[in-house]
file target_9.cif (mmCIF, C-alpha atoms)
data_structure
loop_
_atom_site.group_PDB
_atom_site.id
_atom_site.type_symbol
_atom_site.label_atom_id
_atom_site.label_comp_id
_atom_site.auth_asym_id
_atom_site.auth_seq_id
_atom_site.Cartn_x
_atom_site.Cartn_y
_atom_site.Cartn_z
ATOM 1 C CA MET A 1 -13.513 14.091 -8.177
ATOM 2 C CA PRO A 2 -9.750 13.350 -8.226
ATOM 3 C CA LEU A 3 -8.409 10.302 -6.426
ATOM 4 C CA ILE A 4 -5.653 12.372 -4.823
ATOM 5 C CA GLN A 5 -5.403 16.063 -4.080
ATOM 6 C CA LEU A 6 -2.512 17.733 -2.274
ATOM 7 C CA THR A 7 -2.974 21.407 -1.465
ATOM 8 C CA ASN A 8 -0.022 23.558 -0.371
ATOM 9 C CA VAL A 9 1.752 20.597 1.271
ATOM 10 C CA SER A 10 5.087 21.298 2.946
ATOM 11 C CA LYS A 11 7.471 19.089 4.901
ATOM 12 C CA ALA A 12 10.714 19.790 6.758
ATOM 13 C CA TYR A 13 13.094 17.665 8.799
ATOM 14 C CA ARG A 14 15.253 18.692 11.718
ATOM 15 C CA GLU A 15 19.001 18.460 11.105
ATOM 16 C CA PRO A 16 20.298 16.165 13.903
ATOM 17 C CA VAL A 17 23.566 18.016 14.628
ATOM 18 C CA SER A 18 22.595 21.672 14.316
ATOM 19 C CA GLY A 19 18.920 21.247 15.102
ATOM 20 C CA HIS A 20 18.036 23.478 12.162
ATOM 21 C CA SER A 21 14.863 22.825 10.204
ATOM 22 C CA VAL A 22 15.594 21.705 6.628
ATOM 23 C CA PRO A 23 12.691 22.158 4.181
ATOM 24 C CA VAL A 24 12.140 19.213 1.844
ATOM 25 C CA LEU A 25 8.774 19.948 0.233
ATOM 26 C CA LYS A 26 7.527 23.504 -0.282
ATOM 27 C CA GLY A 27 3.893 24.206 -1.053
ATOM 28 C CA ILE A 28 3.238 21.132 -3.189
ATOM 29 C CA ASN A 29 -0.010 21.136 -5.172
ATOM 30 C CA LEU A 30 -0.848 17.884 -6.920
ATOM 31 C CA GLN A 31 -3.983 16.320 -8.346
ATOM 32 C CA ILE A 32 -4.144 12.769 -9.687
ATOM 33 C CA GLU A 33 -7.193 11.283 -11.347
ATOM 34 C CA ALA A 34 -8.400 7.706 -11.031
ATOM 35 C CA GLY A 35 -6.615 5.500 -13.568
ATOM 36 C CA GLU A 36 -3.889 8.076 -14.278
ATOM 37 C CA SER A 37 -0.193 7.189 -14.428
ATOM 38 C CA VAL A 38 2.276 9.826 -13.209
ATOM 39 C CA SER A 39 6.049 9.768 -12.856
ATOM 40 C CA ILE A 40 7.995 12.001 -10.488
ATOM 41 C CA VAL A 41 11.591 12.691 -11.436
ATOM 42 C CA GLY A 42 14.328 14.792 -9.891
ATOM 43 C CA PRO A 43 17.861 14.676 -8.481
ATOM 44 C CA SER A 44 18.756 12.414 -5.573
ATOM 45 C CA GLY A 45 17.732 13.898 -2.234
ATOM 46 C CA CYS A 46 15.174 16.283 -3.703
ATOM 47 C CA GLY A 47 12.269 14.823 -1.692
ATOM 48 C CA LYS A 48 10.760 12.265 -4.085
ATOM 49 C CA SER A 49 10.586 9.519 -1.466
ATOM 50 C CA THR A 50 9.236 11.985 1.111
ATOM 51 C CA LEU A 51 6.439 12.926 -1.280
ATOM 52 C CA LEU A 52 5.717 9.256 -1.958
ATOM 53 C CA ASN A 53 5.607 8.547 1.788
ATOM 54 C CA ILE A 54 3.058 11.331 2.268
ATOM 55 C CA LEU A 55 0.941 9.979 -0.600
ATOM 56 C CA GLY A 56 1.139 6.537 1.029
ATOM 57 C CA THR A 57 0.172 7.940 4.476
ATOM 58 C CA LEU A 58 3.487 6.675 5.885
ATOM 59 C CA ASP A 59 4.361 10.286 6.744
ATOM 60 C CA GLU A 60 2.300 13.407 7.394
ATOM 61 C CA PRO A 61 2.828 16.899 5.968
ATOM 62 C CA ASP A 62 3.732 19.724 8.322
ATOM 63 C CA THR A 63 1.297 22.042 6.566
ATOM 64 C CA GLY A 64 -1.291 21.714 3.833
ATOM 65 C CA GLU A 65 -4.011 19.177 3.156
ATOM 66 C CA TYR A 66 -4.167 15.711 1.650
ATOM 67 C CA ARG A 67 -7.514 14.498 0.284
ATOM 68 C CA PHE A 68 -8.017 10.894 -0.802
ATOM 69 C CA GLU A 69 -11.214 10.258 -2.774
ATOM 70 C CA GLY A 70 -12.430 13.632 -1.574
ATOM 71 C CA ASP A 71 -11.925 12.890 2.139
ATOM 72 C CA SER A 72 -9.445 15.009 4.065
ATOM 73 C CA LEU A 73 -6.813 12.999 5.946
ATOM 74 C CA GLN A 74 -5.947 15.952 8.161
ATOM 75 C CA GLY A 75 -6.056 14.793 11.769
ATOM 76 C CA ALA A 76 -6.772 11.173 10.821
ATOM 77 C CA GLY A 77 -5.415 8.800 13.458
ATOM 78 C CA PRO A 78 -3.080 5.857 12.866
ATOM 79 C CA THR A 79 -5.949 3.345 12.852
ATOM 80 C CA LYS A 80 -7.844 5.117 10.061
ATOM 81 C CA LEU A 81 -4.663 5.699 8.065
ATOM 82 C CA GLY A 82 -3.626 2.075 8.500
ATOM 83 C CA GLN A 83 -6.997 0.861 7.241
ATOM 84 C CA LEU A 84 -6.815 3.205 4.244
ATOM 85 C CA ARG A 85 -3.275 2.075 3.463
ATOM 86 C CA SER A 86 -4.157 -1.631 3.673
ATOM 87 C CA ALA A 87 -7.329 -1.426 1.596
ATOM 88 C CA LYS A 88 -6.563 1.220 -1.017
ATOM 89 C CA ILE A 89 -2.798 1.696 -1.468
ATOM 90 C CA GLY A 90 -0.247 -0.770 -2.841
ATOM 91 C CA PHE A 91 3.535 -0.295 -2.594
ATOM 92 C CA ILE A 92 6.339 -1.466 -4.879
ATOM 93 C CA PHE A 93 9.944 -0.725 -3.871
ATOM 94 C CA GLN A 94 13.358 -1.046 -5.516
ATOM 95 C CA LEU A 95 14.035 -4.026 -3.265
ATOM 96 C CA HIS A 96 11.187 -6.517 -3.446
ATOM 97 C CA HIS A 97 10.992 -7.075 0.364
ATOM 98 C CA LEU A 98 9.622 -10.588 -0.100
ATOM 99 C CA LEU A 99 9.880 -12.707 3.040
ATOM 100 C CA PRO A 100 12.527 -15.366 2.296
ATOM 101 C CA GLN A 101 10.863 -18.061 4.426
ATOM 102 C CA CYS A 102 7.505 -17.751 2.631
ATOM 103 C CA THR A 103 6.468 -19.040 -0.771
ATOM 104 C CA VAL A 104 5.526 -16.644 -3.573
ATOM 105 C CA LEU A 105 1.830 -17.307 -2.912
ATOM 106 C CA GLU A 106 2.224 -16.715 0.824
ATOM 107 C CA ASN A 107 4.093 -13.453 0.157
ATOM 108 C CA VAL A 108 1.369 -12.258 -2.192
ATOM 109 C CA LEU A 109 -1.341 -13.018 0.374
ATOM 110 C CA LEU A 110 0.390 -11.189 3.249
ATOM 111 C CA PRO A 111 -1.388 -7.825 2.703
ATOM 112 C CA THR A 112 -4.786 -9.525 3.011
ATOM 113 C CA LEU A 113 -4.010 -10.263 6.676
ATOM 114 C CA ALA A 114 -4.230 -6.532 7.472
ATOM 115 C CA LEU A 115 -7.721 -6.075 6.000
ATOM 116 C CA THR A 116 -10.762 -5.474 8.189
ATOM 117 C CA PRO A 117 -12.956 -7.436 7.872
ATOM 118 C CA LYS A 118 -10.826 -10.361 6.788
ATOM 119 C CA PRO A 119 -11.485 -11.534 3.200
ATOM 120 C CA ASP A 120 -12.638 -15.041 2.381
ATOM 121 C CA GLN A 121 -9.463 -17.129 2.348
ATOM 122 C CA LYS A 122 -10.333 -19.148 -0.752
ATOM 123 C CA ALA A 123 -11.412 -16.047 -2.685
ATOM 124 C CA ALA A 124 -8.144 -14.303 -1.763
ATOM 125 C CA GLN A 125 -6.104 -17.317 -2.825
ATOM 126 C CA ASP A 126 -8.007 -17.591 -6.112
ATOM 127 C CA ARG A 127 -7.362 -13.889 -6.820
ATOM 128 C CA ALA A 128 -3.666 -14.336 -5.977
ATOM 129 C CA MET A 129 -3.359 -17.236 -8.411
ATOM 130 C CA ASP A 130 -5.225 -15.292 -11.116
ATOM 131 C CA LEU A 131 -2.820 -12.364 -10.725
ATOM 132 C CA LEU A 132 0.223 -14.646 -10.680
ATOM 133 C CA ARG A 133 -1.076 -16.265 -13.860
ATOM 134 C CA GLU A 134 -1.486 -12.830 -15.432
ATOM 135 C CA VAL A 135 2.187 -12.011 -14.830
ATOM 136 C CA GLY A 136 3.405 -15.484 -15.787
ATOM 137 C CA LEU A 137 4.281 -16.650 -12.276
ATOM 138 C CA ASP A 138 1.528 -19.156 -11.444
ATOM 139 C CA HIS A 139 4.006 -22.015 -11.964
ATOM 140 C CA ARG A 140 6.275 -20.405 -9.344
ATOM 141 C CA ALA A 141 3.584 -20.039 -6.628
ATOM 142 C CA SER A 142 5.187 -22.644 -4.354
ATOM 143 C CA TYR A 143 8.744 -21.373 -4.875
ATOM 144 C CA LYS A 144 10.690 -19.355 -2.305
ATOM 145 C CA PRO A 145 12.088 -15.924 -3.328
ATOM 146 C CA ALA A 146 15.643 -17.291 -3.449
ATOM 147 C CA GLU A 147 14.545 -19.654 -6.243
ATOM 148 C CA LEU A 148 13.365 -16.780 -8.461
ATOM 149 C CA SER A 149 15.246 -14.434 -10.769
ATOM 150 C CA GLY A 150 15.402 -10.712 -9.977
ATOM 151 C CA GLY A 151 12.720 -9.935 -12.539
ATOM 152 C CA GLU A 152 10.456 -12.675 -11.167
ATOM 153 C CA ARG A 153 10.831 -11.364 -7.622
ATOM 154 C CA GLN A 154 9.773 -7.884 -8.727
ATOM 155 C CA ARG A 155 6.795 -9.307 -10.627
ATOM 156 C CA ALA A 156 5.773 -11.104 -7.426
ATOM 157 C CA ALA A 157 6.084 -7.779 -5.581
ATOM 158 C CA VAL A 158 3.765 -6.173 -8.147
ATOM 159 C CA VAL A 159 1.179 -8.902 -7.585
ATOM 160 C CA ARG A 160 1.473 -8.425 -3.812
ATOM 161 C CA ALA A 161 0.785 -4.702 -4.299
ATOM 162 C CA LEU A 162 -2.336 -5.530 -6.320
ATOM 163 C CA ILE A 163 -3.795 -8.304 -4.149
ATOM 164 C CA ASN A 164 -6.155 -6.031 -2.161
ATOM 165 C CA ALA A 165 -7.454 -4.322 -5.348
ATOM 166 C CA PRO A 166 -6.067 -0.890 -4.340
ATOM 167 C CA LYS A 167 -7.041 2.440 -5.862
ATOM 168 C CA LEU A 168 -3.414 3.651 -5.897
ATOM 169 C CA ILE A 169 -0.037 2.025 -6.576
ATOM 170 C CA LEU A 170 3.101 3.824 -5.378
ATOM 171 C CA ALA A 171 6.282 2.565 -7.036
ATOM 172 C CA ASP A 172 9.624 3.814 -5.689
ATOM 173 C CA GLU A 173 12.413 2.989 -8.173
ATOM 174 C CA PRO A 174 10.876 -0.449 -8.896
ATOM 175 C CA THR A 175 13.236 -1.110 -11.833
ATOM 176 C CA GLY A 176 16.381 0.252 -10.145
ATOM 177 C CA ALA A 177 17.895 -3.179 -9.492
ATOM 178 C CA LEU A 178 16.965 -4.672 -12.880
ATOM 179 C CA ASP A 179 18.729 -4.766 -16.226
ATOM 180 C CA GLU A 180 17.189 -2.863 -19.136
ATOM 181 C CA ALA A 181 15.245 -5.809 -20.548
ATOM 182 C CA ASN A 182 13.694 -6.737 -17.198
ATOM 183 C CA ALA A 183 13.044 -3.053 -16.444
ATOM 184 C CA ASP A 184 11.089 -2.718 -19.686
ATOM 185 C CA THR A 185 9.157 -5.909 -18.936
ATOM 186 C CA LEU A 186 8.225 -4.713 -15.448
ATOM 187 C CA THR A 187 7.196 -1.245 -16.661
ATOM 188 C CA ASN A 188 5.041 -2.768 -19.399
ATOM 189 C CA LEU A 189 3.477 -5.044 -16.809
ATOM 190 C CA MET A 190 2.649 -2.184 -14.431
ATOM 191 C CA ILE A 191 1.198 -0.031 -17.206
ATOM 192 C CA ASN A 192 -0.983 -2.863 -18.559
ATOM 193 C CA LEU A 193 -2.261 -3.898 -15.135
ATOM 194 C CA VAL A 194 -3.045 -0.310 -14.169
ATOM 195 C CA GLU A 195 -4.754 0.579 -17.462
ATOM 196 C CA ASN A 196 -6.875 -2.574 -17.387
ATOM 197 C CA SER A 197 -8.039 -2.039 -13.800
ATOM 198 C CA GLY A 198 -8.386 1.751 -13.499
ATOM 199 C CA ILE A 199 -5.781 1.970 -10.730
ATOM 200 C CA SER A 200 -3.720 5.154 -10.401
ATOM 201 C CA LEU A 201 0.063 4.704 -10.575
ATOM 202 C CA VAL A 202 2.689 7.085 -9.191
ATOM 203 C CA LEU A 203 6.212 6.113 -10.231
ATOM 204 C CA VAL A 204 9.447 7.566 -8.852
ATOM 205 C CA SER A 205 12.339 6.747 -11.162
ATOM 206 C CA HIS A 206 15.847 7.895 -12.069
ATOM 207 C CA ASN A 207 15.402 6.171 -15.422
ATOM 208 C CA PRO A 208 14.121 8.767 -17.922
ATOM 209 C CA THR A 209 13.001 6.069 -20.360
ATOM 210 C CA GLN A 210 10.754 4.435 -17.772
ATOM 211 C CA ALA A 211 9.509 7.792 -16.455
ATOM 212 C CA GLN A 212 8.458 8.948 -19.930
ATOM 213 C CA ARG A 213 6.218 5.891 -20.250
ATOM 214 C CA MET A 214 3.772 7.425 -17.785
ATOM 215 C CA LYS A 215 0.959 9.671 -19.051
ATOM 216 C CA ARG A 216 2.302 12.631 -17.088
ATOM 217 C CA VAL A 217 5.862 13.484 -15.987
ATOM 218 C CA LEU A 218 6.389 15.847 -13.036
ATOM 219 C CA HIS A 219 9.718 17.308 -11.915
ATOM 220 C CA LEU A 220 10.603 17.813 -8.253
ATOM 221 C CA HIS A 221 13.407 20.336 -7.741
ATOM 222 C CA GLU A 222 14.407 22.150 -4.557
ATOM 223 C CA GLY A 223 11.137 21.186 -2.911
ATOM 224 C CA THR A 224 8.804 22.393 -5.642
ATOM 225 C CA LEU A 225 6.859 20.386 -8.223
ATOM 226 C CA SER A 226 6.517 21.409 -11.861
ATOM 227 C CA VAL A 227 5.621 19.931 -15.247
#

call {"tool": "encode", "arguments": {"input": "target_9.cif", "output": "structure tokens"}}
result
Amino acid sequence: MPLIQLTNVSKAYREPVSGHSVPVLKGINLQIEAGESVSIVGPSGCGKSTLLNILGTLDEPDTGEYRFEGDSLQGAGPTKLGQLRSAKIGFIFQLHHLLPQCTVLENVLLPTLALTPKPDQKAAQDRAMDLLREVGLDHRASYKPAELSGGERQRAAVVRALINAPKLILADEPTGALDEANADTLTNLMINLVENSGISLVLVSHNPTQAQRMKRVLHLHEGTLSV
């Protein structure tokens, strides 16, 4: 059974001035297995972020079906989707979105606050420190984001995405603000963490070098997805 299955998914947005419907995704069919890494590439504005938002249950398709671990999300309410998102999906963005007033450890632990039931606090903190150690940031746990380099902030964001042991990581241009060396380091880190834990990774990237590192590369063009 695939982790993710999209069947004939379409999405359109209404143009604010004319009121016309503008199609963004057209009949998308996509299947992703557990532990698989996939990159989605395509020109700016082609719908990559829209597709990622649908996969992350931040947006809903107009037509078609989304199944996660075999369960259809069609008609699922915000509570169920929120619980799924918190427990099984991790997000990494181009901008790290770390809270400046919180330490690295506090930022990493933030997603655990949304879990139901709440995890054991000591167990969550121990897992956070283990993950920070794995990415070489345990000595920065008490630092604030402003005291970290750009690469360190993104590594902290990766750990935050992993803290709830998700089944799926969605990465939207995670290396876009990094130089080539730090981009390579972050991509290596994501690949190693995903392969060692069986998590699925979907990467959106304008960087062809980083995109080719995934096991499968898909192209989104004019609303359609192809190999």

call {"tool": "resolve_selection", "arguments": {"input": "target_9.cif", "expression": "the PyMOL selection byres ((chain A and resi 104) around 10)", "output": "short mmCIF file (atom, residue, chain, number, x, y, z; two decimals) with C-alpha atoms, keeping the file's coordinate frame"}}
result
data_model
loop_
_atom_site.label_atom_id
_atom_site.label_comp_id
_atom_site.auth_asym_id
_atom_site.auth_seq_id
_atom_site.Cartn_x
_atom_site.Cartn_y
_atom_site.Cartn_z
CA LEU A 98 9.62 -10.59 -0.10
CA LEU A 99 9.88 -12.71 3.04
CA PRO A 100 12.53 -15.37 2.30
CA GLN A 101 10.86 -18.06 4.43
CA CYS A 102 7.50 -17.75 2.63
CA THR A 103 6.47 -19.04 -0.77
CA LEU A 105 1.83 -17.31 -2.91
CA GLU A 106 2.22 -16.72 0.82
CA ASN A 107 4.09 -13.45 0.16
CA VAL A 108 1.37 -12.26 -2.19
CA LEU A 109 -1.34 -13.02 0.37
CA ALA A 128 -3.67 -14.34 -5.98
CA LEU A 132 0.22 -14.65 -10.68
CA LEU A 137 4.28 -16.65 -12.28
CA ASP A 138 1.53 -19.16 -11.44
CA ARG A 140 6.28 -20.40 -9.34
CA ALA A 141 3.58 -20.04 -6.63
CA SER A 142 5.19 -22.64 -4.35
CA TYR A 143 8.74 -21.37 -4.88
CA LYS A 144 10.69 -19.36 -2.31
CA PRO A 145 12.09 -15.92 -3.33
CA GLU A 147 14.54 -19.65 -6.24
CA LEU A 148 13.36 -16.78 -8.46
CA GLU A 152 10.46 -12.68 -11.17
CA ARG A 153 10.83 -11.36 -7.62
CA ALA A 156 5.77 -11.10 -7.43
CA ALA A 157 6.08 -7.78 -5.58
CA VAL A 159 1.18 -8.90 -7.58
CA ARG A 160 1.47 -8.43 -3.81
#

call {"tool": "closest_atom_pairs", "arguments": {"input": "target_9.cif", "of": "segment 73-161 of chain A", "to": "segment 173-192 of chain A", "cutoff": "6 Å", "atoms": "all atoms listed in the file", "output": "CSV"}}
result
residue,atom,partner,partner_atom,distance
A:Phe93,CA,A:Pro174,CA,5.1
A:Gln94,CA,A:Pro174,CA,4.2
A:Gly151,CA,A:Asn182,CA,5.7

call {"tool": "closest_residue", "arguments": {"input": "target_9.cif", "among": "A:Leu193, A:Ile4, A:Val204, A:Val17", "to": "Thr50 of chain A", "atoms": "all atoms listed in the file"}}
result
A:Val204

call {"tool": "resolve_selection", "arguments": {"input": "target_9.cif", "expression": "the PyMOL selection byres ((chain A and resi 223) around 12)", "output": "number ranges by chain"}}
result
A: 8-12, 22-29, 42-51, 219-222, 224-226

call {"tool": "closest_atom_pairs", "arguments": {"input": "target_9.cif", "of": "segment 130-173 of chain A", "to": "segment 115-126 of chain A", "cutoff": "9 Å", "atoms": "only C-alpha atoms", "output": "tab-separated table"}}
result
residue	atom	partner	partner_atom	distance
A:Asp130	CA	A:Asp126	CA	6.2
A:Leu131	CA	A:Asp126	CA	8.7
A:Ile163	CA	A:Ala124	CA	7.8
A:Asn164	CA	A:Leu115	CA	8.3

call {"tool": "write_last_selection", "arguments": {"input": "target_9.cif", "atoms": "C-alpha atoms", "output": "mmCIF file, in the coordinates of the input"}}
result
data_model
loop_
_atom_site.group_PDB
_atom_site.id
_atom_site.type_symbol
_atom_site.label_atom_id
_atom_site.label_comp_id
_atom_site.auth_asym_id
_atom_site.auth_seq_id
_atom_site.Cartn_x
_atom_site.Cartn_y
_atom_site.Cartn_z
ATOM 1 C CA ASP A 130 -5.225 -15.292 -11.116
ATOM 2 C CA LEU A 131 -2.820 -12.364 -10.725
ATOM 3 C CA ILE A 163 -3.795 -8.304 -4.149
ATOM 4 C CA ASN A 164 -6.155 -6.031 -2.161
#

call {"tool": "residues_around", "arguments": {"input": "target_9.cif", "residues": "segment 37-39 of chain A", "least_positions_apart": "6", "cutoff": "8 Å", "atoms": "all atoms listed in the file", "output": "PyMOL selection string"}}
result
chain A and resi 191+200-205+211-212+214-218

call {"tool": "closest_residue", "arguments": {"input": "target_9.cif", "among": "A:Thr7, A:Asn207, A:Thr57, A:Ser197", "to": "Glu36 of chain A", "atoms": "only C-alpha atoms"}}
result
A:Ser197

call {"tool": "closest_residue", "arguments": {"input": "target_9.cif", "among": "A:Ser18, A:Asn196, A:Gln83, A:Gln154", "to": "His97 of chain A", "atoms": "all atoms listed in the file"}}
result
A:Gln154

call {"tool": "atom_distance", "arguments": {"input": "target_9.cif", "atom1": "atom CA of Asp172 of chain A", "atom2": "atom CA of Leu55 of chain A"}}
result
11.8 Å

call {"tool": "atom_distance", "arguments": {"input": "target_9.cif", "atom1": "atom CA of Glu33 of chain A", "atom2": "atom CA of Leu3 of chain A"}}
result
5.2 Å

call {"tool": "atom_distance", "arguments": {"input": "target_9.cif", "atom1": "atom CA of Glu69 of chain A", "atom2": "atom CA of Lys167 of chain A"}}
result
9.4 Å
